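Visitor: This one is structure-v1.csv, CSV, C-alpha atoms.
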chain,number,residue,atom,x,y,z
V,7,MET,CA,-20.1,24.1,-14.4
V,8,LEU,CA,-18.7,21.5,-12.0
V,9,THR,CA,-19.3,21.8,-8.3
V,10,LYS,CA,-17.0,20.7,-5.5
V,11,VAL,CA,-17.2,17.0,-4.8
V,12,LYS,CA,-15.5,14.7,-2.2
V,13,ILE,CA,-14.5,11.9,-4.6
V,14,ALA,CA,-13.3,12.0,-8.2
V,15,LEU,CA,-13.2,8.8,-10.2
V,16,VAL,CA,-10.7,8.9,-13.1
V,17,GLY,CA,-10.6,6.1,-15.6
V,18,GLU,CA,-8.6,5.5,-18.8
V,19,SER,CA,-10.4,6.3,-22.0
V,20,TRP,CA,-13.6,5.8,-23.9
V,21,GLY,CA,-14.8,2.4,-25.2
V,22,ALA,CA,-17.4,1.9,-27.9
V,23,GLU,CA,-20.4,2.8,-25.7
V,24,GLU,CA,-18.6,5.8,-24.2
V,25,GLU,CA,-17.7,7.1,-27.6
V,26,LYS,CA,-21.4,7.0,-28.6
V,27,GLU,CA,-22.5,8.7,-25.4
V,28,ARG,CA,-19.4,10.9,-25.3
V,29,THR,CA,-19.2,10.4,-21.5
V,30,ALA,CA,-17.2,8.2,-19.1
V,31,PHE,CA,-18.2,4.8,-17.8
V,32,VAL,CA,-21.3,3.7,-19.6
V,33,GLY,CA,-21.8,0.3,-21.1
V,34,TRP,CA,-20.3,-2.8,-19.5
V,35,ALA,CA,-17.5,-1.0,-17.6
V,36,GLY,CA,-20.0,1.7,-16.4
V,37,ASP,CA,-22.4,-1.0,-15.1
V,38,MET,CA,-19.6,-2.7,-13.2
V,39,LEU,CA,-18.5,0.6,-11.7
V,40,ASN,CA,-22.1,1.4,-10.6
V,41,ARG,CA,-22.3,-2.0,-8.8
V,42,LEU,CA,-18.9,-1.5,-7.2
V,43,LEU,CA,-19.9,1.9,-5.9
V,44,ASP,CA,-23.2,0.6,-4.6
V,45,GLU,CA,-21.4,-2.0,-2.5
V,46,ALA,CA,-19.0,0.6,-1.2
V,47,ASP,CA,-22.0,2.9,-0.3
V,48,ILE,CA,-20.8,5.6,-2.7
V,49,ARG,CA,-23.3,7.5,-4.8
V,50,ARG,CA,-22.1,8.0,-8.3
V,51,GLN,CA,-24.0,11.2,-8.7
V,52,ASP,CA,-22.0,12.7,-5.8
V,53,CYS,CA,-18.7,12.1,-7.6
V,54,LEU,CA,-16.8,13.6,-10.5
V,55,VAL,CA,-16.6,10.7,-13.1
V,56,THR,CA,-14.1,11.2,-15.9
V,57,ASN,CA,-11.3,9.8,-17.9
V,58,VAL,CA,-7.7,10.7,-18.6
V,59,PHE,CA,-8.5,10.6,-22.3
V,60,GLN,CA,-11.9,11.6,-23.5
V,61,LEU,CA,-11.4,9.7,-26.8
V,62,ARG,CA,-11.4,6.1,-28.0
V,63,PRO,CA,-7.9,4.7,-28.8
V,64,HIS,CA,-7.4,2.7,-32.0
V,65,ASN,CA,-8.6,-0.9,-31.4
V,66,ASN,CA,-9.3,0.1,-27.8
V,67,ASP,CA,-5.6,-0.1,-27.1
V,68,ILE,CA,-4.2,2.7,-25.0
V,69,LEU,CA,-0.7,1.9,-26.3
V,70,SER,CA,-1.8,3.2,-29.6
V,71,LEU,CA,-1.4,6.7,-28.1
V,72,THR,CA,2.2,6.0,-27.3
V,73,GLY,CA,5.5,6.5,-29.2
V,74,PRO,CA,9.2,6.6,-28.6
V,75,LYS,CA,10.8,8.9,-26.0
V,76,GLU,CA,11.5,11.7,-28.5
V,77,GLU,CA,7.8,12.1,-29.1
V,78,ALA,CA,6.9,11.9,-25.4
V,79,LEU,CA,4.7,14.2,-23.4
V,80,LEU,CA,7.2,16.3,-21.4
V,81,GLY,CA,7.5,15.5,-17.7
V,82,TYR,CA,5.8,12.1,-17.8
V,83,PRO,CA,7.4,8.7,-17.5
V,84,ALA,CA,6.8,5.8,-19.9
V,85,LEU,CA,3.3,4.2,-19.7
V,86,ASP,CA,4.8,0.9,-20.6
V,87,LYS,CA,8.3,-0.3,-21.4
V,88,SER,CA,9.8,2.3,-23.7
V,89,LYS,CA,6.3,3.5,-24.7
V,90,TYR,CA,5.5,7.1,-24.0
V,91,ILE,CA,2.2,9.0,-24.4
V,92,ARG,CA,2.8,11.3,-27.3
V,93,ALA,CA,3.0,15.1,-26.8
V,94,GLU,CA,0.0,15.6,-29.1
V,95,PHE,CA,-2.3,14.4,-26.3
V,96,ALA,CA,-1.2,17.1,-23.9
V,97,PRO,CA,-4.6,18.9,-24.3
V,98,GLN,CA,-6.3,15.8,-22.8
V,99,LEU,CA,-4.3,16.1,-19.6
V,100,HIS,CA,-4.9,19.8,-19.5
V,101,ARG,CA,-8.6,19.2,-19.7
V,102,LEU,CA,-8.4,16.6,-16.9
V,103,ALA,CA,-6.4,19.0,-14.7
V,104,SER,CA,-9.1,21.7,-15.3
V,105,GLU,CA,-11.9,19.3,-14.3
V,106,LEU,CA,-10.1,18.3,-11.1
V,107,LEU,CA,-9.1,21.8,-10.1
V,108,GLU,CA,-12.7,22.9,-10.5
V,109,ALA,CA,-14.2,19.9,-8.7
V,110,ASP,CA,-11.5,20.1,-5.9
V,111,PRO,CA,-12.1,16.6,-4.6
V,112,ASN,CA,-10.8,15.4,-1.2
V,113,VAL,CA,-9.6,12.2,-2.9
V,114,ILE,CA,-9.0,11.1,-6.5
V,115,VAL,CA,-9.6,7.4,-7.1
V,116,THR,CA,-7.5,6.4,-10.1
V,117,LEU,CA,-9.1,3.4,-11.8
V,118,GLY,CA,-6.4,1.4,-13.5
V,119,ASN,CA,-2.8,1.9,-14.5
V,120,THR,CA,-3.3,4.7,-17.0
V,121,ALA,CA,-5.1,6.9,-14.5
V,122,MET,CA,-2.5,6.2,-11.8
V,123,TRP,CA,0.2,7.1,-14.4
V,124,ALA,CA,-1.5,10.4,-15.1
V,125,MET,CA,-1.8,11.5,-11.5
V,126,LEU,CA,1.2,9.9,-9.8
V,127,GLY,CA,3.6,9.3,-12.6
V,128,LYS,CA,3.8,5.6,-11.6
V,129,THR,CA,2.7,2.3,-13.0
V,130,LYS,CA,2.3,-1.2,-11.7
V,131,ILE,CA,-1.2,-0.9,-10.2
V,132,SER,CA,-1.1,-4.2,-8.4
V,133,LYS,CA,1.8,-3.0,-6.1
V,134,LEU,CA,0.4,0.5,-5.3
V,135,ARG,CA,-3.4,0.0,-5.2
V,136,GLY,CA,-5.1,0.9,-2.0
V,137,VAL,CA,-2.4,3.2,-0.7
V,138,THR,CA,-2.9,7.0,-0.6
V,139,ASP,CA,-0.3,9.2,-2.2
V,140,THR,CA,0.0,12.8,-3.3
V,141,SER,CA,-0.5,13.6,-7.0
V,142,THR,CA,2.7,14.8,-8.7
V,143,HIS,CA,1.5,15.0,-12.3
V,144,THR,CA,-1.4,16.6,-14.2
V,145,ALA,CA,-3.0,18.3,-11.2
V,146,THR,CA,-0.6,18.3,-8.2
V,147,GLY,CA,-1.3,18.2,-4.5
V,148,PHE,CA,-4.4,16.1,-4.5
V,149,LYS,CA,-4.8,12.9,-2.4
V,150,VAL,CA,-4.8,9.9,-4.7
V,151,LEU,CA,-6.0,6.3,-4.0
V,152,PRO,CA,-5.3,3.9,-6.9
V,153,THR,CA,-7.4,0.8,-7.5
V,154,TYR,CA,-8.3,-1.5,-10.4
V,155,HIS,CA,-10.4,-0.4,-13.5
V,156,PRO,CA,-13.9,-2.0,-13.7
V,157,ALA,CA,-12.9,-3.4,-17.1
V,158,ALA,CA,-10.1,-5.4,-15.4
V,159,ILE,CA,-12.6,-6.9,-13.0
V,160,ILE,CA,-14.8,-8.0,-15.9
V,161,ARG,CA,-11.7,-9.9,-17.2
V,162,GLN,CA,-10.5,-11.1,-13.8
V,163,TYR,CA,-13.4,-11.3,-11.3
V,164,SER,CA,-11.1,-12.1,-8.4
V,165,LEU,CA,-10.2,-8.4,-8.4
V,166,ARG,CA,-13.7,-7.5,-7.4
V,167,PRO,CA,-13.5,-7.8,-3.6
V,168,ILE,CA,-10.2,-6.0,-3.5
V,169,THR,CA,-11.6,-3.1,-5.5
V,170,ILE,CA,-14.7,-2.8,-3.3
V,171,ILE,CA,-12.4,-2.7,-0.2
V,172,ASP,CA,-10.4,0.1,-1.9
V,173,LEU,CA,-13.5,2.0,-2.6
V,174,ILE,CA,-14.7,1.7,1.0
V,175,LYS,CA,-11.3,3.1,2.0
V,176,ALA,CA,-11.8,5.9,-0.5
V,177,LYS,CA,-15.1,6.8,1.1
V,178,ARG,CA,-13.3,7.1,4.5
V,179,GLU,CA,-10.6,9.2,2.9
V,180,SER,CA,-13.1,11.5,1.3
V,181,ALA,CA,-13.9,13.0,4.6
V,182,PHE,CA,-10.7,15.1,4.6
V,183,PRO,CA,-8.3,16.3,1.8
V,184,GLU,CA,-4.9,15.7,3.5
V,185,ILE,CA,-3.0,12.4,3.8
V,186,ARG,CA,-2.9,11.4,7.5
V,187,ARG,CA,0.0,9.0,8.2
V,188,PRO,CA,0.2,7.5,11.7
V,189,LYS,CA,3.1,8.6,13.8
V,190,ARG,CA,5.4,5.8,14.9
V,191,GLU,CA,8.3,5.5,17.3
V,192,ILE,CA,10.6,2.7,16.0
V,193,TRP,CA,13.8,1.8,17.8
V,194,ILE,CA,16.4,0.7,15.2
V,195,GLU,CA,20.1,-0.1,15.5
V,196,PRO,CA,19.7,-0.9,19.3
V,197,THR,CA,22.4,-1.7,21.7
V,198,ILE,CA,22.0,-4.4,24.3
V,199,GLU,CA,21.3,-1.7,26.8
V,200,ASP,CA,18.6,-0.3,24.5
V,201,LEU,CA,16.9,-3.7,24.6
V,202,TYR,CA,16.8,-3.7,28.4
V,203,GLU,CA,15.6,-0.1,28.4
V,204,PHE,CA,12.8,-0.9,25.9
V,205,ASP,CA,11.8,-3.8,28.1
V,206,ARG,CA,11.6,-1.5,31.1
V,207,ARG,CA,9.6,1.1,29.4
V,208,TYR,CA,7.2,-1.0,27.4
V,209,LEU,CA,7.4,-4.8,27.6
V,210,GLN,CA,7.1,-5.2,31.4
V,211,SER,CA,3.7,-3.6,31.4
V,212,CYS,CA,2.6,-5.1,28.1
V,213,THR,CA,-0.3,-7.6,27.9
V,214,LEU,CA,-0.6,-8.0,24.0
V,215,LEU,CA,2.6,-7.9,22.0
V,216,ALA,CA,2.9,-7.9,18.2
V,217,GLU,CA,5.8,-10.0,17.0
V,218,ASP,CA,7.3,-10.5,13.5
V,219,ILE,CA,10.4,-12.0,12.1
V,220,GLU,CA,12.3,-11.7,8.8
V,221,THR,CA,14.2,-14.6,7.4
V,222,ALA,CA,16.8,-15.4,4.7
V,223,GLY,CA,17.3,-19.1,4.0
V,224,GLN,CA,17.5,-20.9,7.3
V,225,HIS,CA,18.4,-17.8,9.3
V,226,ILE,CA,16.4,-15.1,11.1
V,227,THR,CA,17.7,-11.7,9.9
V,228,CYS,CA,15.7,-9.5,12.4
V,229,VAL,CA,12.9,-9.8,15.0
V,230,GLY,CA,10.4,-7.0,15.7
V,231,PHE,CA,8.3,-6.3,18.8
V,232,GLY,CA,5.4,-4.0,18.9
V,233,PRO,CA,3.9,-3.5,22.4
V,234,THR,CA,1.6,-0.6,21.3
V,235,PRO,CA,0.2,0.6,18.0
V,236,THR,CA,2.7,3.5,18.0
V,237,VAL,CA,6.0,2.0,19.4
V,238,ALA,CA,8.1,-0.8,18.1
V,239,LEU,CA,11.6,-2.3,18.5
V,240,VAL,CA,13.6,-3.9,15.7
V,241,ILE,CA,16.4,-6.3,16.7
V,242,PRO,CA,18.7,-6.9,13.7
V,243,PHE,CA,21.1,-9.8,13.2
V,244,PHE,CA,22.1,-9.6,9.6
V,245,GLY,CA,22.8,-6.6,7.3
V,246,GLY,CA,24.9,-4.5,9.5
V,247,ARG,CA,27.8,-2.2,8.5
V,248,ARG,CA,30.5,-4.6,9.6
V,249,PRO,CA,32.5,-6.4,6.9
V,250,ASP,CA,31.0,-9.7,7.8
V,251,ARG,CA,27.5,-8.2,7.6
V,252,ASN,CA,26.8,-9.2,11.2
V,253,TYR,CA,24.9,-6.6,13.2
V,254,TRP,CA,26.3,-7.4,16.6
V,255,PRO,CA,30.0,-6.8,17.4
V,256,ASP,CA,30.8,-10.3,18.8
V,257,HIS,CA,29.2,-13.7,19.5
V,258,ALA,CA,28.7,-13.0,23.2
V,259,THR,CA,26.7,-9.8,22.5
V,260,GLU,CA,24.6,-11.5,19.9
V,261,ARG,CA,23.9,-14.3,22.3
V,262,LYS,CA,22.5,-11.8,24.8
V,263,ALA,CA,20.2,-10.5,22.1
V,264,TRP,CA,18.9,-14.0,21.4
V,265,GLU,CA,18.5,-14.6,25.1
V,266,PHE,CA,16.5,-11.3,25.4
V,267,ILE,CA,14.1,-12.5,22.6
V,268,ALA,CA,13.8,-15.9,24.2
V,269,ASP,CA,12.9,-14.4,27.6
V,270,VAL,CA,10.2,-12.1,26.1
V,271,ASN,CA,8.6,-15.1,24.3
V,272,ALA,CA,8.7,-17.2,27.4
V,273,ARG,CA,6.6,-14.7,29.5
V,274,PRO,CA,3.2,-16.2,30.0
V,275,GLY,CA,1.6,-12.9,31.0
V,276,ILE,CA,2.2,-11.4,27.5
V,277,ARG,CA,-0.2,-12.6,24.8
V,278,LYS,CA,1.6,-12.8,21.4
V,279,LEU,CA,0.2,-11.5,18.1
V,280,PHE,CA,1.6,-12.7,14.8
V,281,GLN,CA,1.0,-12.4,11.1
V,282,ASN,CA,1.0,-16.0,9.8
V,283,GLY,CA,2.2,-17.1,13.2
V,284,LEU,CA,2.4,-20.8,12.3
V,285,TYR,CA,5.4,-19.9,10.2
V,286,ASP,CA,7.1,-17.5,12.6
V,287,ILE,CA,6.6,-19.7,15.7
V,288,ALA,CA,8.0,-22.8,13.9
V,289,PHE,CA,10.9,-20.9,12.5
V,290,LEU,CA,11.9,-19.4,15.9
V,291,TRP,CA,12.0,-23.0,17.4
V,292,ARG,CA,13.7,-24.6,14.4
V,293,ALA,CA,16.4,-22.0,13.9
V,294,ASN,CA,17.1,-20.9,17.5
V,295,ARG,CA,15.2,-23.2,19.8
V,296,ILE,CA,13.0,-20.3,21.0
V,297,ARG,CA,9.7,-21.4,22.4
V,298,VAL,CA,6.7,-19.0,22.1
V,299,ILE,CA,4.4,-19.1,25.2
V,300,ASN,CA,0.9,-17.7,25.0
V,301,ALA,CA,0.6,-17.2,21.2
V,302,GLY,CA,-3.0,-16.3,20.9
V,303,GLU,CA,-3.7,-13.9,18.0
V,304,ASP,CA,-3.0,-14.0,14.3
V,305,THR,CA,-3.9,-11.1,12.0
V,306,MET,CA,-3.7,-13.1,8.8
V,307,LEU,CA,-6.2,-15.7,10.1
V,308,LEU,CA,-8.6,-13.0,11.4
V,309,HIS,CA,-8.5,-11.1,8.1
V,310,HIS,CA,-9.1,-14.4,6.2
V,311,ALA,CA,-12.2,-14.9,8.4
V,312,LEU,CA,-13.5,-11.4,7.6
V,313,GLN,CA,-12.4,-11.3,3.9
V,314,PRO,CA,-12.0,-14.9,2.6
V,315,GLU,CA,-11.9,-13.8,-1.0
V,316,SER,CA,-9.1,-11.3,-0.7
V,317,LEU,CA,-5.3,-11.5,-0.4
V,318,LYS,CA,-3.7,-12.2,2.9
V,319,SER,CA,-0.2,-10.7,2.7
V,320,LEU,CA,0.9,-8.1,5.2
V,321,GLY,CA,1.3,-5.5,2.5
V,322,PHE,CA,-2.2,-6.0,1.3
V,323,MET,CA,-3.7,-5.9,4.8
V,324,GLY,CA,-1.7,-2.7,5.5
V,325,SER,CA,-3.2,-1.1,2.5
V,326,ILE,CA,-6.8,-1.6,3.6
V,327,TYR,CA,-6.6,-1.5,7.4
V,328,THR,CA,-4.0,1.3,7.9
V,329,ASP,CA,-3.0,4.6,6.5
V,330,GLU,CA,0.6,3.7,6.2
V,331,GLY,CA,2.5,4.5,3.0
V,332,PRO,CA,3.8,1.7,0.7
V,333,TRP,CA,6.6,0.7,3.1
V,334,LYS,CA,7.8,-2.2,0.9
V,335,SER,CA,9.0,0.4,-1.7
V,336,GLU,CA,10.6,2.6,0.9
V,337,ARG,CA,13.0,0.0,2.4
V,338,THR,CA,16.6,-0.8,1.5
V,339,ASP,CA,18.8,-3.6,2.6
V,340,GLN,CA,21.0,-1.4,4.7
V,341,VAL,CA,20.4,-1.3,8.5
V,342,GLY,CA,19.3,2.1,9.7
V,343,THR,CA,18.3,3.5,6.3
V,344,ILE,CA,14.6,2.7,6.3
V,345,LYS,CA,12.6,5.8,5.5
V,346,ALA,CA,9.6,6.0,7.8
V,347,GLU,CA,6.8,8.5,7.0
V,348,ASP,CA,5.1,10.5,9.8
Kindly transcribe the structure held in the file into structure tokens.
Guide:
Amino acid sequence: MLTKVKIALVGESWGAEEEKERTAFVGWAGDMLNRLLDEADIRRQDCLVTNVFQLRPHNNDILSLTGPKEEALLGYPALDKSKYIRAEFAPQLHRLASELLEADPNVIVTLGNTAMWAMLGKTKISKLRGVTDTSTHTATGFKVLPTYHPAAIIRQYSLRPITIIDLIKAKRESAFPEIRRPKREIWIEPTIEDLYEFDRRYLQSCTLLAEDIETAGQHITCVGFGPTPTVALVIPFFGGRRPDRNYWPDHATERKAWEFIADVNARPGIRKLFQNGLYDIAFLWRANRIRVINAGEDTMLLHHALQPESLKSLGFMGSIYTDEGPWKSERTDQVGTIKAED
């Protein structure tokens, strides 16, 4: 009988060694998993370690378990393009659900694309790894954190530091069963008066200001200011509901918005924080002749100093340093329709 654990590790299927031992993660992949867990300070014996499929696919190819949509397992999306896990393998998912329900982990770490498909009904592990989500398939309601399969690391060793970082996050997440998203107050679709009010409430007393820009071609589409970890202002310029797609109603009003941004950046008493600031600072000057005074912090450079082997994009850093959801997949190109999670 299984006992309650804090972490469940779910892989794909058996390989040759697993088939001999009739257990998950032995052989090369098991050895790699053990080393990854050791570096993340997770004891394997304290975890449930299992697979989606406790069998060895033909030629070790998971797609050998798939077929056309008419043979698909009910309620599950395609595992690959037009390739669906066949309904005959439903007992394997029932067995996995029973294991998870009995172990009742605080977090399920899905190792690889197949395990993520089984728990979240999603694929494309490289886009979703490191971000917690709630399971919607196989055993619903569990907190899930996807990362790469140890076998993938054997093939592509550059994935190793990323996976270790994800496992360290999984250990943090294992302390509680619920997903805890930070609460944010984000001012969107502001008027000029809103800019001045935000300045009065937050910027005039601010000493460290996070700033970010979004660009399209040679133009800045929006500028964001974050004076605290929980409050931010978004100043749009392109993508509004007007026929010309300009956010501001006329050139005079838009000019006031740019003057506001220039004024904030010129304040020497506010230290500015950027993500890849060399790009943003140069773009602000080149596109709008806005000079940034007292730019002193850069999250990308600091992260690179701490984790030189890992990726440096904002989405990647958000997945390891914050508990935000996958915001890139929640956005649209329409002003005011960004879905923010509490």
Visitor: Nearest to V:His64 among V:Ser319, V:Thr116, V:Ser19, V:Thr221, with distances taken over all atoms listed in the file: which residue is it?
Guide: V:Ser19
Visitor: Record the distance separating atom CA of V:Arg166 and atom CA of V:Leu43, expressed in Å with one decimal.
Guide: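 Going from atom CA of V:Arg166 over to atom CA of V:Leu43 covers 11.4 Å.
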Visitor: What's around stretch 206-217 of chain V at 6 Å? Count all atoms listed in the file, leave out sequence neighbours fewer than 3 positions away in its own chain, and write the answer as an NGL selection string.
Guide: :V and (203 or 230-233 or 276-280)
Visitor: How many Å separate atom CA of V:His309 from atom CA of V:Ile267?
Guide: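 Atom CA of V:Ile267 lies 26.9 Å from atom CA of V:His309.
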Visitor: Expressed in Å to a single decimal, how great is the separation between atom CA of V:Asn112 and atom CA of V:Lys12?
Guide: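 Here the two named atoms are 4.9 Å from each other.
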Visitor: Of the candidates V:Glu24, V:Asp139, V:Glu330, V:Asp172, which shows the shortest atom-to-atom distance to V:Tyr154, using only C-alpha atoms?
Guide: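 Going through V:Glu24, V:Asp139, V:Glu330, V:Asp172 one by one, the smallest distance to V:Tyr154 is for V:Asp172.
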Visitor: Return the single residue from V:Val229, V:Ile91, V:Leu239, V:Leu79 that is closest to V:Ile287, with distances computed using all atoms listed in the file.
Guide: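 For V:Ile287, the nearest of the candidates is V:Val229.
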Visitor: I need the residue nearest V:Ile159 from this list: V:Phe204, V:Trp34, V:Ile68, V:Glu77. Use all atoms listed in the file for the distance.
Guide: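 For V:Ile159, the nearest of the candidates is V:Trp34.
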Visitor: Give me the residues within 8 Å of V:Val237 as a PyMOL selection string, counting all atoms listed in the file and dropping any in the same chain fewer than 3 places off.
Guide: chain V and resi 190-193+232-234
Visitor: What residues have an atom no more than 10 Å from (-12.5, -2.7, -3.7) in the file's own frame, counting only C-alpha atoms, and can you write them as number ranges by chain?
Guide: V: 42-43, 45-46, 135-136, 153-154, 165-176, 316, 326
Visitor: Show me the residues close to (-0.3, 5.4, 6.7) - anything with an atom within 6 Å, counting all atoms listed in the file - and format the list as JSON, numbers by chain.
Guide: {"V": [187, 188, 328, 329, 330, 331]}
Visitor: Output C-alpha atoms for every residue in that selection, as a compact mmCIF listing (two decimals), in the coordinates of the input.
Guide:
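The file below, part.txt, is the result:
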# COMPACT_ATOMS: atom_id res chain seq x y z
CA ARG V 187 0.00 9.00 8.20
CA PRO V 188 0.20 7.50 11.70
CA THR V 328 -4.00 1.30 7.90
CA ASP V 329 -3.00 4.60 6.50
CA GLU V 330 0.60 3.70 6.20
CA GLY V 331 2.50 4.50 3.00
Visitor: Compile the contact shell of V:Leu54 as a list in words: residues with an atom at most 7 Å away, counting only C-alpha atoms, same-chain residues fewer than 2 positions apart removed.
Guide: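 Returned residues: Val11, Ile13, Ala14, Leu15 and Thr56 of chain V.
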Visitor: Restricting the calculation to all atoms listed in the file, which member of V:Ala258, V:Pro274, V:Ile241, V:Phe289 is positioned closest to V:His225?
Guide: V:Phe289
Visitor: Using all atoms listed in the file, which protein or nucleic acid residues come within 12 Å of V:Lys87? Drop anything in the same chain fewer than 6 positions from it, and give the result as an MDAnalysis selection string.
Guide: chainID V and resid 69 72:75 129:130
Visitor: Identify which of the residues V:Met122, V:Ile185, V:Ala103, V:Leu80 lies closest to V:Thr146, counting only C-alpha atoms when measuring atom-to-atom distances.
Guide: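 Of V:Met122, V:Ile185, V:Ala103, V:Leu80, the one nearest V:Thr146, counting only C-alpha atoms, is V:Ala103.
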Visitor: Within 9 Å of V:Ala35, counting all atoms listed in the file, which residues qualify if same-chain residues fewer than 3 places away don't, as an NGL selection string?
Guide: :V and (21 or 31-32 or 38-40 or 155-160)
